[in-house]
Structures are given as structure tokens and as C-alpha cells.
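Visitor: The file below is query-v5.cif, mmCIF, C-alpha atoms:
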data_work
loop_
_atom_site.label_atom_id
_atom_site.label_comp_id
_atom_site.auth_asym_id
_atom_site.auth_seq_id
_atom_site.Cartn_x
_atom_site.Cartn_y
_atom_site.Cartn_z
CA MET W 271 36.49 86.69 24.02
CA TYR W 272 34.89 87.63 20.71
CA GLY W 273 32.94 90.83 20.30
CA ARG W 274 29.40 91.89 19.53
CA GLN W 275 27.65 89.63 22.02
CA ALA W 276 28.01 89.32 25.76
CA PRO W 277 28.39 85.85 27.25
CA ARG W 278 24.84 84.73 27.73
CA LEU W 279 25.41 82.51 30.71
CA LEU W 280 27.70 84.60 32.87
CA ARG W 281 24.86 86.12 34.88
CA LYS W 282 24.66 89.03 32.46
CA ALA W 283 21.75 88.19 30.18
CA PRO W 284 19.28 85.35 29.79
CA LEU W 285 20.03 82.53 27.39
CA GLU W 286 17.75 82.02 24.42
CA ASP W 287 15.60 78.90 24.55
CA LEU W 288 17.95 76.08 24.25
CA GLU W 289 16.24 72.78 24.59
CA VAL W 290 15.95 72.98 20.97
CA GLN W 291 18.95 74.88 20.91
CA VAL W 292 20.08 74.69 17.41
CA SER W 293 19.86 77.95 15.57
CA ARG W 294 18.02 78.86 12.47
CA PHE W 295 20.85 77.49 10.37
CA VAL W 296 20.97 73.96 11.67
CA LEU W 297 19.13 72.14 8.89
CA ALA W 298 21.47 73.65 6.34
CA ALA W 299 24.41 72.54 8.41
CA ILE W 300 23.04 69.02 8.70
CA ALA W 301 22.34 68.80 5.02
CA ALA W 302 25.82 70.05 4.22
CA GLY W 303 27.34 67.67 6.74
CA THR W 304 28.63 70.64 8.70
CA MET W 305 26.71 70.56 11.96
CA TRP W 306 27.70 73.59 13.97
CA PHE W 307 26.84 74.50 17.49
CA SER W 308 23.76 76.29 18.57
CA GLY W 309 22.62 79.63 19.62
CA CYS W 310 19.06 78.90 19.04
CA ALA W 311 15.95 80.03 17.58
CA HIS W 312 13.71 77.00 17.90
CA GLU W 313 12.97 74.51 20.60
CA ARG W 314 14.68 71.27 19.83
CA PRO W 315 14.20 71.17 16.09
CA THR W 316 16.32 68.15 15.29
CA ALA W 317 16.38 64.89 17.12
CA ASP W 318 19.51 63.70 15.37
CA ALA W 319 21.41 66.84 16.20
CA MET W 320 20.83 66.42 19.89
CA GLY W 321 21.25 62.65 20.07
CA SER W 322 17.57 62.06 20.76
CA ALA W 323 15.93 58.69 20.28
CA PRO W 324 15.18 58.15 16.57
CA VAL W 325 11.61 57.45 15.52
CA ARG W 326 11.69 54.04 13.82
CA THR W 327 8.50 52.01 14.06
CA ASP W 328 5.14 52.81 12.52
CA ALA W 329 3.68 53.25 15.99
CA GLU W 330 6.44 55.67 16.98
CA ARG W 331 5.98 57.64 13.80
CA ALA W 332 2.24 57.81 14.36
CA SER W 333 2.73 59.04 17.92
CA ALA W 334 5.25 61.66 16.85
CA ARG W 335 2.96 62.83 14.04
CA ALA W 336 0.05 63.17 16.45
CA LEU W 337 2.13 65.25 18.86
CA VAL W 338 3.25 67.56 16.06
CA GLU W 339 -0.32 67.96 14.89
CA GLN W 340 -1.43 68.79 18.42
CA ALA W 341 1.32 71.38 18.67
CA PHE W 342 0.40 72.95 15.33
CA ALA W 343 -3.28 73.10 16.27
CA VAL W 344 -2.40 74.92 19.49
CA ALA W 345 -0.19 77.35 17.57
CA CYS W 346 -2.95 78.06 15.07
CA ALA W 347 -5.43 78.66 17.91
CA MET W 348 -3.47 81.70 19.08
CA PRO W 349 -5.15 84.93 18.02
CA GLY W 350 -3.51 87.37 15.66
CA GLY W 351 -3.01 91.03 16.40
CA PRO W 352 -0.44 91.48 19.17
CA HIS W 353 0.13 87.73 19.22
CA ALA W 354 0.75 87.33 15.48
CA ARG W 355 4.50 86.93 15.89
CA PRO W 356 4.44 84.20 18.57
CA ARG W 357 1.69 82.51 16.57
CA ALA W 358 3.86 82.41 13.45
CA ARG W 359 6.93 81.39 15.43
CA THR W 360 5.22 78.42 17.06
CA GLN W 361 3.65 77.43 13.75
CA GLU W 362 7.12 77.39 12.24
CA GLU W 363 8.48 75.32 15.11
CA ALA W 364 5.79 72.71 14.48
CA ALA W 365 6.47 72.72 10.74
CA LEU W 366 10.21 72.29 11.28
CA ALA W 367 9.60 69.43 13.69
CA ALA W 368 7.42 67.76 11.08
CA LEU W 369 10.22 68.22 8.56
CA ASP W 370 12.83 66.78 10.92
CA LEU W 371 10.69 63.75 11.62
CA GLY W 372 10.32 62.98 7.93
CA PHE W 373 6.85 64.43 7.33
CA GLU W 374 8.04 66.73 4.57
CA ALA W 375 4.75 67.11 2.72
CA ARG W 376 2.93 67.98 5.92
CA ALA W 377 5.62 70.52 6.84
CA VAL W 378 5.09 72.29 3.53
CA GLU W 379 1.32 72.26 4.11
CA MET W 380 1.84 73.81 7.52
CA ALA W 381 4.00 76.51 6.00
CA ARG W 382 1.09 77.70 3.87
CA GLU W 383 -0.76 78.67 7.05
CA ILE W 384 2.08 80.87 8.31
CA LEU W 385 1.30 84.48 7.45
CA ASP W 386 4.72 86.09 7.73
CA TRP W 387 8.28 85.56 6.49
CA ARG W 388 8.60 82.28 8.36
CA ARG W 389 6.63 80.60 5.59
CA ALA W 390 9.53 81.24 3.22
CA GLU W 391 11.98 79.98 5.81
CA VAL W 392 10.15 76.64 6.12
CA TYR W 393 10.16 76.27 2.32
CA ALA W 394 13.90 76.96 2.30
CA ARG W 395 14.57 74.45 5.08
CA ALA W 396 12.49 71.86 3.23
CA ALA W 397 14.55 72.57 0.11
CA GLN W 398 17.75 72.02 2.07
CA ARG W 399 16.44 68.71 3.38
CA ALA W 400 15.43 67.57 -0.11
CA ALA W 401 18.83 68.54 -1.50
CA GLY W 402 20.62 66.72 1.29
CA GLU W 403 18.67 63.59 0.44
CA GLY W 404 19.45 63.83 -3.26
CA ARG W 405 16.03 65.03 -4.43
CA ARG W 406 17.44 67.85 -6.54
CA ASP W 407 14.38 68.75 -8.63
CA GLU W 408 12.19 68.93 -5.54
CA ALA W 409 14.82 70.99 -3.76
CA LEU W 410 14.95 73.51 -6.60
CA ARG W 411 11.16 73.79 -6.69
CA LEU W 412 11.01 74.43 -2.96
CA ALA W 413 13.85 76.93 -3.11
CA GLU W 414 12.03 78.79 -5.88
CA ARG W 415 8.87 78.79 -3.78
CA ALA W 416 10.85 80.20 -0.87
CA GLN W 417 12.33 82.88 -3.10
CA ALA W 418 8.87 83.86 -4.30
CA ALA W 419 7.82 84.30 -0.65
CA LEU W 420 10.96 86.26 0.30
CA PRO W 421 10.02 89.29 2.42
CA SER W 422 10.06 92.51 0.41
CA ASP W 423 11.16 94.77 3.26
CA SER W 424 14.89 95.12 3.72
CA ASN W 425 15.45 93.95 7.28
CA TRP W 426 16.95 91.10 9.27
CA SER W 427 14.18 88.64 8.37
CA ARG W 428 14.82 89.17 4.65
CA GLU W 429 18.55 88.66 5.21
CA ARG W 430 17.91 85.51 7.22
CA VAL W 431 15.59 83.95 4.66
CA ALA W 432 17.86 84.96 1.77
CA MET W 433 20.69 83.08 3.45
CA GLU W 434 18.56 79.96 3.86
CA ILE W 435 17.51 80.07 0.22
CA ALA W 436 21.08 80.64 -0.96
CA ILE W 437 22.16 77.59 1.02
CA ALA W 438 19.33 75.57 -0.49
CA PHE W 439 20.38 76.47 -4.04
CA GLU W 440 24.00 75.70 -3.19
CA LEU W 441 23.12 72.28 -1.80
CA ALA W 442 20.92 71.59 -4.82
CA GLY W 443 23.87 72.16 -7.14
CA ASP W 444 22.91 75.59 -8.47
CA PRO W 445 25.68 77.91 -7.24
CA ALA W 446 24.78 80.59 -9.77
CA ARG W 447 21.35 81.16 -8.26
CA SER W 448 22.85 80.97 -4.81
CA GLY W 449 25.29 83.69 -5.79
CA GLU W 450 22.49 85.92 -7.00
CA LEU W 451 21.11 85.97 -3.47
CA LEU W 452 24.43 86.59 -1.76
CA PRO W 453 24.17 90.42 -1.87
CA LEU W 454 21.05 90.10 0.31
CA VAL W 455 22.94 88.08 2.94
CA VAL W 456 24.81 89.94 5.67
CA GLU W 457 28.57 89.52 5.52
CA SER W 458 28.75 87.64 8.80
CA ASP W 459 26.42 84.93 7.43
CA ARG W 460 28.05 84.46 4.04
CA GLY W 461 30.48 81.94 5.49
CA ARG W 462 27.54 79.64 6.08
CA VAL W 463 26.66 79.74 2.40
CA ARG W 464 30.30 79.00 1.55
CA ALA W 465 30.23 76.08 3.99
CA ALA W 466 27.35 74.57 2.04
CA ALA W 467 29.54 74.68 -1.08
CA ILE W 468 32.51 72.90 0.50
CA PRO W 469 31.41 69.29 -0.16
CA ALA W 470 31.25 69.88 -3.93
CA LEU W 471 34.29 72.12 -4.40
CA ALA W 472 37.41 70.91 -6.17
CA ALA W 473 40.22 69.98 -3.79
CA GLU W 474 42.47 72.73 -5.12
CA ALA W 475 39.88 75.35 -4.18
CA LEU W 476 39.72 74.36 -0.51
CA PRO W 477 42.87 76.13 0.80
CA ALA W 478 41.46 79.48 -0.31
CA GLU W 479 38.26 78.75 1.58
CA ALA W 480 40.31 77.85 4.66
CA ASP W 481 42.18 81.13 4.44
CA ALA W 482 38.88 83.03 4.21
CA PHE W 483 37.57 81.29 7.30
CA ASP W 484 40.78 82.11 9.15
CA ARG W 485 40.38 85.77 8.24
CA ALA W 486 36.83 85.70 9.58
CA ILE W 487 38.01 84.24 12.88
CA ALA W 488 40.75 86.87 13.09
CA THR W 489 38.12 89.64 13.13
CA LYS W 490 37.00 88.39 16.56
CA ASP W 491 33.46 89.33 15.59
CA LEU W 492 31.26 86.67 17.18
CA ASP W 493 28.94 86.22 14.21
CA MET W 494 31.85 86.03 11.78
CA VAL W 495 33.57 83.47 13.99
CA ARG W 496 30.49 81.30 14.27
CA SER W 497 30.06 81.27 10.50
CA ALA W 498 33.73 80.38 10.10
CA ILE W 499 33.31 77.46 12.48
CA VAL W 500 30.58 76.12 10.21
CA GLY W 501 33.00 76.39 7.32
CA TRP W 502 35.92 74.80 9.14
CA THR W 503 33.68 71.90 10.18
CA ALA W 504 32.86 71.31 6.53
CA LEU W 505 36.57 71.38 5.72
CA LEU W 506 37.29 68.95 8.54
CA ARG W 507 34.95 66.47 6.90
CA ARG W 508 36.54 66.97 3.49
CA TRP W 509 40.05 66.61 4.91
CA SER W 510 39.37 63.82 7.38
CA ALA W 511 41.58 61.30 5.55
CA ASP W 512 44.61 63.59 5.37
CA ASP W 513 46.46 63.75 8.69
CA ALA W 514 48.08 67.15 8.13
CA LEU W 515 44.98 68.86 6.75
CA ARG W 516 42.74 67.29 9.36
CA ALA W 517 45.08 68.55 12.09
CA ARG W 518 44.93 72.04 10.60
CA ALA W 519 41.13 71.98 10.67
CA VAL W 520 40.95 70.71 14.23
CA GLN W 521 43.49 73.29 15.38
CA ALA W 522 41.48 76.09 13.78
CA LEU W 523 38.26 74.86 15.38
CA ASP W 524 39.82 74.48 18.81
CA ALA W 525 41.20 78.00 18.67
CA ALA W 526 37.92 79.50 17.50
CA ILE W 527 35.84 77.65 20.08
CA ALA W 528 38.18 78.64 22.91
CA GLY W 529 37.25 82.31 22.51
CA LEU W 530 33.50 81.81 22.59
CA PRO W 531 31.14 82.67 25.45
CA VAL W 532 30.81 79.76 27.84
CA ASP W 533 27.50 78.43 26.50
CA LEU W 534 28.74 78.39 22.93
CA ARG W 535 32.09 77.01 24.04
CA ILE W 536 30.36 74.04 25.65
CA ASP W 537 28.15 73.57 22.63
CA GLY W 538 31.05 73.99 20.23
CA ASN W 539 33.11 71.31 21.95
CA LEU W 540 30.13 68.96 21.98
CA ALA W 541 29.55 69.54 18.27
CA LEU W 542 33.23 69.02 17.46
CA SER W 543 33.22 65.87 19.58
CA ARG W 544 30.27 64.53 17.58
CA THR W 545 31.96 65.30 14.29
CA LEU W 546 35.24 63.68 15.32
CA ARG W 547 33.42 60.60 16.58
CA GLU W 548 31.59 60.30 13.25
CA LEU W 549 34.97 60.50 11.51
CA GLY W 550 36.34 57.66 13.62
CA ARG W 551 38.59 59.85 15.79
CA GLY W 552 37.50 58.47 19.16
CA ASP W 553 40.31 59.83 21.31
CA ASP W 554 40.02 63.30 19.82
CA ALA W 555 36.26 63.20 20.30
CA LYS W 556 36.64 62.26 23.96
CA ALA W 557 39.03 65.15 24.57
CA ARG W 558 36.44 67.66 23.31
CA LEU W 559 33.66 66.02 25.31
CA ASP W 560 35.84 66.25 28.41
CA ALA W 561 36.42 69.93 27.65
CA ALA W 562 32.67 70.53 27.48
CA ILE W 563 32.10 68.68 30.75
CA ALA W 564 34.82 70.70 32.47
CA ALA W 565 33.48 73.99 31.13
CA PHE W 566 30.00 73.19 32.38
CA ALA W 567 31.30 72.19 35.80
CA SER W 568 33.12 75.51 36.25
CA ALA W 569 30.59 77.85 34.61
CA ASP W 570 28.65 80.37 36.69
CA LEU W 571 25.26 79.95 35.06
CA LEU W 572 21.93 81.63 35.44
CA PRO W 573 19.59 79.35 37.42
CA GLU W 574 17.33 78.96 34.39
CA ASP W 575 20.24 77.74 32.24
CA VAL W 576 21.71 75.06 34.49
CA ALA W 577 19.40 72.22 33.47
CA PRO W 578 19.24 72.99 29.72
CA ILE W 579 23.02 73.29 29.38
CA GLY W 580 23.59 70.32 31.69
CA ALA W 581 21.15 68.18 29.73
CA MET W 582 23.01 69.06 26.55
CA VAL W 583 26.25 67.85 28.13
CA ALA W 584 24.52 64.70 29.38
CA GLU W 585 23.36 63.95 25.84
CA GLY W 586 26.95 64.32 24.69
CA ARG W 587 27.94 61.68 27.24
CA ILE W 588 25.15 59.41 26.04
CA ALA W 589 26.32 59.73 22.45
CA ALA W 590 29.81 58.76 23.61
CA GLY W 591 28.48 55.62 25.30
CA ASP W 592 28.47 56.81 28.92
CA ARG W 593 24.78 56.15 29.54
CA ALA W 594 25.11 55.38 33.25
CA GLY W 595 27.18 58.49 33.92
CA ALA W 596 24.72 60.62 31.99
CA GLN W 597 21.75 59.27 33.90
CA ALA W 598 23.48 59.97 37.21
CA GLU W 599 24.14 63.51 36.02
CA LEU W 600 20.50 63.94 34.98
CA ARG W 601 19.41 63.03 38.51
CA ARG W 602 21.80 65.62 39.91
CA LEU W 603 20.51 68.19 37.44
CA ARG W 604 16.93 67.59 38.56
CA GLU W 605 17.97 68.10 42.17
CA ARG W 606 19.70 71.36 41.23
CA PHE W 607 16.66 72.50 39.27
CA ASP W 608 14.36 71.84 42.22
CA ALA W 609 16.70 73.78 44.51
CA LEU W 610 17.00 76.70 42.08
CA ARG W 611 13.34 76.76 41.07
CA PRO W 612 12.40 79.78 43.24
CA GLU W 613 15.04 81.81 41.38
CA ILE W 614 13.74 80.95 37.88
CA MET W 615 11.14 83.06 36.11
CA THR W 616 7.85 81.21 35.82
CA THR W 617 7.92 81.60 32.04
CA ARG W 618 11.25 79.74 31.95
CA LEU W 619 10.49 76.79 34.21
CA ALA W 620 9.18 74.39 31.59
CA ARG W 621 12.21 74.69 29.30
CA SER W 622 14.46 73.15 31.96
CA LEU W 623 12.08 70.23 32.41
CA ARG W 624 11.78 69.72 28.66
CA ALA W 625 15.54 69.59 28.36
CA LEU W 626 15.72 66.95 31.08
CA GLY W 627 12.90 64.98 29.46
CA ALA W 628 14.60 64.90 26.08
CA ALA W 629 17.89 63.83 27.67
CA TRP W 630 16.17 61.05 29.60
CA ALA W 631 14.64 59.88 26.32
CA ALA W 632 18.08 59.86 24.70
CA SER W 633 19.36 57.79 27.62
CA GLY W 634 16.77 55.11 26.95
CA ASP W 635 14.52 55.71 29.96
CA PRO W 636 11.06 56.64 28.59
CA ALA W 637 9.44 56.55 32.04
CA MET W 638 11.74 59.24 33.38
CA ALA W 639 11.31 61.18 30.15
CA ARG W 640 7.53 61.14 30.43
CA GLN W 641 7.70 62.23 34.06
CA ALA W 642 9.87 65.21 33.15
CA PHE W 643 7.56 66.15 30.28
CA ARG W 644 4.49 65.90 32.55
CA ASP W 645 6.25 68.19 35.00
CA ALA W 646 6.90 70.57 32.11
CA LEU W 647 3.20 70.56 31.25
CA ASP W 648 2.37 71.45 34.85
CA ALA W 649 5.04 74.16 34.94
CA GLY W 650 3.54 75.78 31.87
CA LEU W 651 0.27 76.28 33.72
CA VAL W 652 1.96 78.46 36.32
CA ASN W 653 1.72 81.28 33.78
CA PRO W 654 -1.61 83.12 34.10
CA ASN W 655 -1.96 84.14 30.43
CA GLY W 656 -2.88 81.99 27.49
CA ARG W 657 -0.02 82.90 25.15
CA PRO W 658 2.87 81.67 27.32
CA ARG W 659 0.81 78.61 28.24
CA ALA W 660 0.27 77.87 24.56
CA GLU W 661 3.94 78.42 23.73
CA ASP W 662 4.97 76.00 26.47
CA LEU W 663 2.44 73.41 25.37
CA VAL W 664 3.65 73.62 21.77
CA ALA W 665 7.26 73.30 22.89
CA THR W 666 6.56 70.33 25.14
CA CYS W 667 4.62 68.42 22.50
CA LEU W 668 7.38 69.02 19.97
CA ALA W 669 10.11 68.01 22.42
CA MET W 670 8.27 64.76 23.08
CA ALA W 671 7.86 64.15 19.36
CA THR W 672 11.45 64.83 18.37
CA SER W 673 12.85 62.87 21.33
CA GLY W 674 10.77 59.82 20.44
CA THR W 675 8.74 59.94 23.66
CA ALA W 676 5.26 58.54 23.12
CA PRO W 677 2.77 59.75 25.72
CA ASP W 678 1.17 57.10 27.91
CA PRO W 679 -2.56 57.54 28.68
CA PHE W 680 -1.81 59.63 31.77
CA THR W 681 0.48 61.98 29.85
CA ALA W 682 -1.95 62.22 26.94
CA GLN W 683 -4.72 63.15 29.36
CA ARG W 684 -2.51 65.83 30.90
CA ILE W 685 -1.79 67.31 27.46
CA GLU W 686 -5.52 67.54 26.81
CA GLU W 687 -6.17 69.11 30.21
CA VAL W 688 -3.58 71.79 29.53
CA ARG W 689 -5.03 72.43 26.07
CA THR W 690 -8.51 73.01 27.46
CA LYS W 691 -7.14 75.66 29.84
CA LEU W 692 -5.89 77.87 27.03
CA GLY W 693 -7.75 81.03 26.16
CA GLU W 694 -8.50 84.52 27.43
CA PRO W 695 -6.65 86.41 28.65
CA TRP W 696 -4.00 85.68 26.05
#
Written as C-alpha cells, that's how I'd like the structure from this file.

Guide:
Amino acid sequence: MYGRQAPRLLRKAPLEDLEVQVSRFVLAAIAAGTMWFSGCAHERPTADAMGSAPVRTDAERASARALVEQAFAVACAMPGGPHARPRARTQEEAALAALDLGFEARAVEMAREILDWRRAEVYARAAQRAAGEGRRDEALRLAERAQAALPSDSNWSRERVAMEIAIAFELAGDPARSGELLPLVVESDRGRVRAAAIPALAAEALPAEADAFDRAIATKDLDMVRSAIVGWTALLRRWSADDALRARAVQALDAAIAGLPVDLRIDGNLALSRTLRELGRGDDAKARLDAAIAAFASADLLPEDVAPIGAMVAEGRIAAGDRAGAQAELRRLRERFDALRPEIMTTRLARSLRALGAAWAASGDPAMARQAFRDALDAGLVNPNGRPRAEDLVATCLAMATSGTAPDPFTAQRIEEVRTKLGEPW
């Protein structure tokens, strides 16, 4: 097992919110074509990453936009003072959801209302998205805006934003400016910046990158290993047509993932399965999906983590074409959640229901998805204070938006009822 972080699901410490379980680096990974596994900072920020239903029609886009706007309005309604940080965090979550759904201009507008370092992070993420879509000039402008808003204090938030901006410059084809920011990035995160460079590097430069990622894995430092997995995933994509090099990349990823805590091991196998499936390696993809399913079945999880992790595995099955099996598993997960509910903190109840709702949406059953999301809305009201209620409402609206779940009149009414119950005491 790698060092620096205890397994989060082995009844030792609570798991971070994981319905939107992809970490702060996910947009960069998507843009670079190097999707890595989670460890999350935001609730369900990317529909594509989790296999959620894509938003296609004008009506679906309008519904998703309305949900994001509702979420952002709730976030902005939180008072400042002691609640300034959760206010900024939920504002950022709404802005990132807008970005993921294709409302880039609105996401940038939302960022202007964020009063802390998260504003710069949204600009950087928007720059990464623009670069990934080939809009280089726009990407550079946004990256420059993010750099201008970079926190001045030397702390983890500055390091985090510097990394995002460095990735944005790398993806936009300006490695020199990316390199200027590298001294501000902690060593364990520099592999992520290198991963963003992999798609554009000359073939003869790739073995040296592979060796560097191997050295990072050999440290057995969890953060170093996770960054190296991002890099090896990028190399896997570059080497997908070469049998020997592809085998080397897969072997390195398998070995790195095997030493992770159980939650990240499940997530890592699911991410590798997705990548291999995209590369046309169906049998290899199935083997990693089976490994994730087996790990989940044998894991001793905290009650609050059973449904979110299980829903993640169910979405992996859906992506592999096993819709019926996934739906059966989702029913079992709901039964387990109901049985475990007395053991789950009230502030953590809604996240399980959101995870189930998003997975039902991915499975193509909007009725079951809406029911789970309505239950999440009700669960959020169990909390007596306004701040956790507001955070849950924001998260549920965003999960519905990114999963492509349009509220029916009953669900829309329930959202409004919850909104009207926000307020003092926060």
C-alpha cells in the first residue's frame, strides 16, 4: 500500500464526496485525453467522465442550464463570513458544471462572482477546455486571466491553481509559459503537467517520460503514484497501436493501481477499463471492470460509501453494455442504503441518493433517477441548518443537470420547496 494517505474506505476515515468524484484535475485529464481516477473535490463535475446521459436536445440543454442556474443562485445566497468558503466552493461547483455542459461563457461569468482563489481555478479549467477543443487563442487568454488571479499567498491553493494554469498553457501549445509556473507546483503534482505534454511530444522523447513515471511509482508516495498514473494513461493512448509499448503501459498501470487504497483501486480499474475500451481493447477492458467489481464486492466500506462506490461500479457496467446487470445492482444498492441509513451521518445521506440517481440516469431510466433525486432533496432537509441544506440542494441540482435528468413538475416543485426552506440559522 502506498504511503501518505490511509485507505479512505477501510473504516478508518470518511471518503470525500464522491458522486462527483473526480478530483480537481479531471478537466485537464479529459482535455489531455488522460482521464485518471478520482479522489474528488467536486460533486459530479463531468457527465462524460462518469458515463452519464449526454445532454443533446435543445430542451435537455435548457433544462440542464436552468438547474445549473438554480444551483448557482442558491450558492450565491449563502452569507459570507464563516460561510465564505462553502459559498465559494459551491459557486465553483456550479461554474464547473456549466463548463462541462458546454455553457463556457456562462461559466466564466459565474467565476467573476467567486471571491477567492477558486475564481482563478475556473478560468484555468475553462482554458483547458478551450485548448482541448482547439480554441488556442481563447485558451491562452483564459490562462492569462487565471494567472492574473493567482493567489498571492504561498499555500496549497496557490500550488493547486498554478498546476491548473500550467496544464492549460501546456495544452494550448505554450510549454515555455507552462514551465515558468512549474516551480510553484508541488513535486507530486508535476507529473500531471507532464501528462498534459505527452500528446504533443516527439516519439523519441516518450521513453524518458515513462522512466520518470516509473520512478514516481517506485517512491510509493500516494500523490506521486497518482500523478504517474495520469502520465502512464497518456502514454497508453500514445502507444496504443504498438503491441509491446501498449503492454508496457498497461503493466505499469496495473501494478500502480494494485497498491492503491480500495476506493482508488476500484476507481483506477474502472478508469483503465474505460480507456482500454475506447482504444478498442474489449477483452482487456472487461478484465479491469471485473477487477473493480470484485474489489467492491469484497471491500469493507463505511456505510456512507457503499452506495456512491457501488453506483460508480454500476456505471462502469453500463458503459460496458451490461445495462440489465447494472440496474439489478442499483436496486440492491438502494436496499443496502435503506438498511444502513441509521448508521450514516445525516449530512451524508443525500450523496448516496444522488449517486444512485445519476447511475439510474446513465442506465436509461429517468423515472428511477428522478425518484432517487427527490429522495436526495428530502434527505437534505434532515439537516437543521441552512448551510448543509444549501450545499445538498446545490449538489442535487448539479447532479441532475450533469446526468441529463430533467425534473418533472413534481420534482421541480420539490426543488422550489427545499429552496424556500433555506435561511437562518445557517

Visitor: Using only C-alpha atoms, which residues of range 345-430 of chain W come within 10 Å of range 655-662 of chain W, and what is the closest atom pair for each, with the distance in Å to one decimal? Give it as JSON lines, sorted by chain and residue number.

Guide:
{"residue": "W:Ala345", "atom": "CA", "partner": "W:Ala660", "partner_atom": "CA", "distance": 7.0}
{"residue": "W:Ala347", "atom": "CA", "partner": "W:Ala660", "partner_atom": "CA", "distance": 8.8}
{"residue": "W:Met348", "atom": "CA", "partner": "W:Arg657", "partner_atom": "CA", "distance": 7.1}
{"residue": "W:Pro349", "atom": "CA", "partner": "W:Arg657", "partner_atom": "CA", "distance": 9.0}
{"residue": "W:His353", "atom": "CA", "partner": "W:Arg657", "partner_atom": "CA", "distance": 7.6}
{"residue": "W:Pro356", "atom": "CA", "partner": "W:Glu661", "partner_atom": "CA", "distance": 7.8}
{"residue": "W:Arg357", "atom": "CA", "partner": "W:Glu661", "partner_atom": "CA", "distance": 8.5}
{"residue": "W:Arg359", "atom": "CA", "partner": "W:Glu661", "partner_atom": "CA", "distance": 9.3}
{"residue": "W:Thr360", "atom": "CA", "partner": "W:Glu661", "partner_atom": "CA", "distance": 6.8}

Visitor: Go through W:Ile588, W:Leu515, W:Ala569, W:Val344 and flag the residue nearest Glu686 in chain W, using only C-alpha atoms for the distances.

Guide: W:Val344

Visitor: Mind checking which residues fall within 12 Å of Glu585 in chain W, counting all atoms listed in the file, ignoring those fewer than 5 positions away in the same chain, and posting them as a ChimeraX atom specification?

Guide: /W:289,317-323,537,540-541,543-544,559,562-563,577-580,590-597,599-600,625-634,673

Visitor: I would like the residues chosen by the PyMOL selection byres ((chain W and resi 400) around 9) on the shown file; could you give them as number ranges by chain?

Guide: W: 301, 374, 395-399, 401-410, 412, 438, 442

Visitor: Which residues match the PyMOL selection byres ((chain W and resi 464-481) around 7) in the file above, as a list in words?

Guide: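 When the PyMOL selection byres ((chain W and resi 464-481) around 7) is applied, the selected residues are Ala302, Ile437, Glu440, Leu441, Arg460, Gly461, Arg462, Val463, Ala482, Phe483, Asp484, Arg485, Val500, Gly501, Trp502, Ala504, Leu505 and Arg508 of chain W.
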
Visitor: Let me make sure I understand: among W:Ala341, W:Val456, W:Ala394, W:Leu369, which one has the smallest atom-to-atom distance to Val431 in chain W if we use all atoms listed in the file?

Guide: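 That would be W:Ala394, the residue with the smallest distance to Val431 in chain W.
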
Visitor: Hey, can you check how far CA of Arg507 in chain W sits from CA of Leu454 in chain W?

Guide: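 So the two atoms, CA of Arg507 in chain W and CA of Leu454 in chain W, lie 28.2 Å apart.
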
Visitor: Neighbouring residues of Ala416 in chain W were defined as those with any atom within 6 Å, considering only C-alpha atoms; residues of the same chain fewer than 2 positions away were excluded. Please report them as a list in words.

Guide: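 So the residues in contact are Ala390, Tyr393, Ala394, Ala413, Glu414, Ala418 and Ala419 of chain W.
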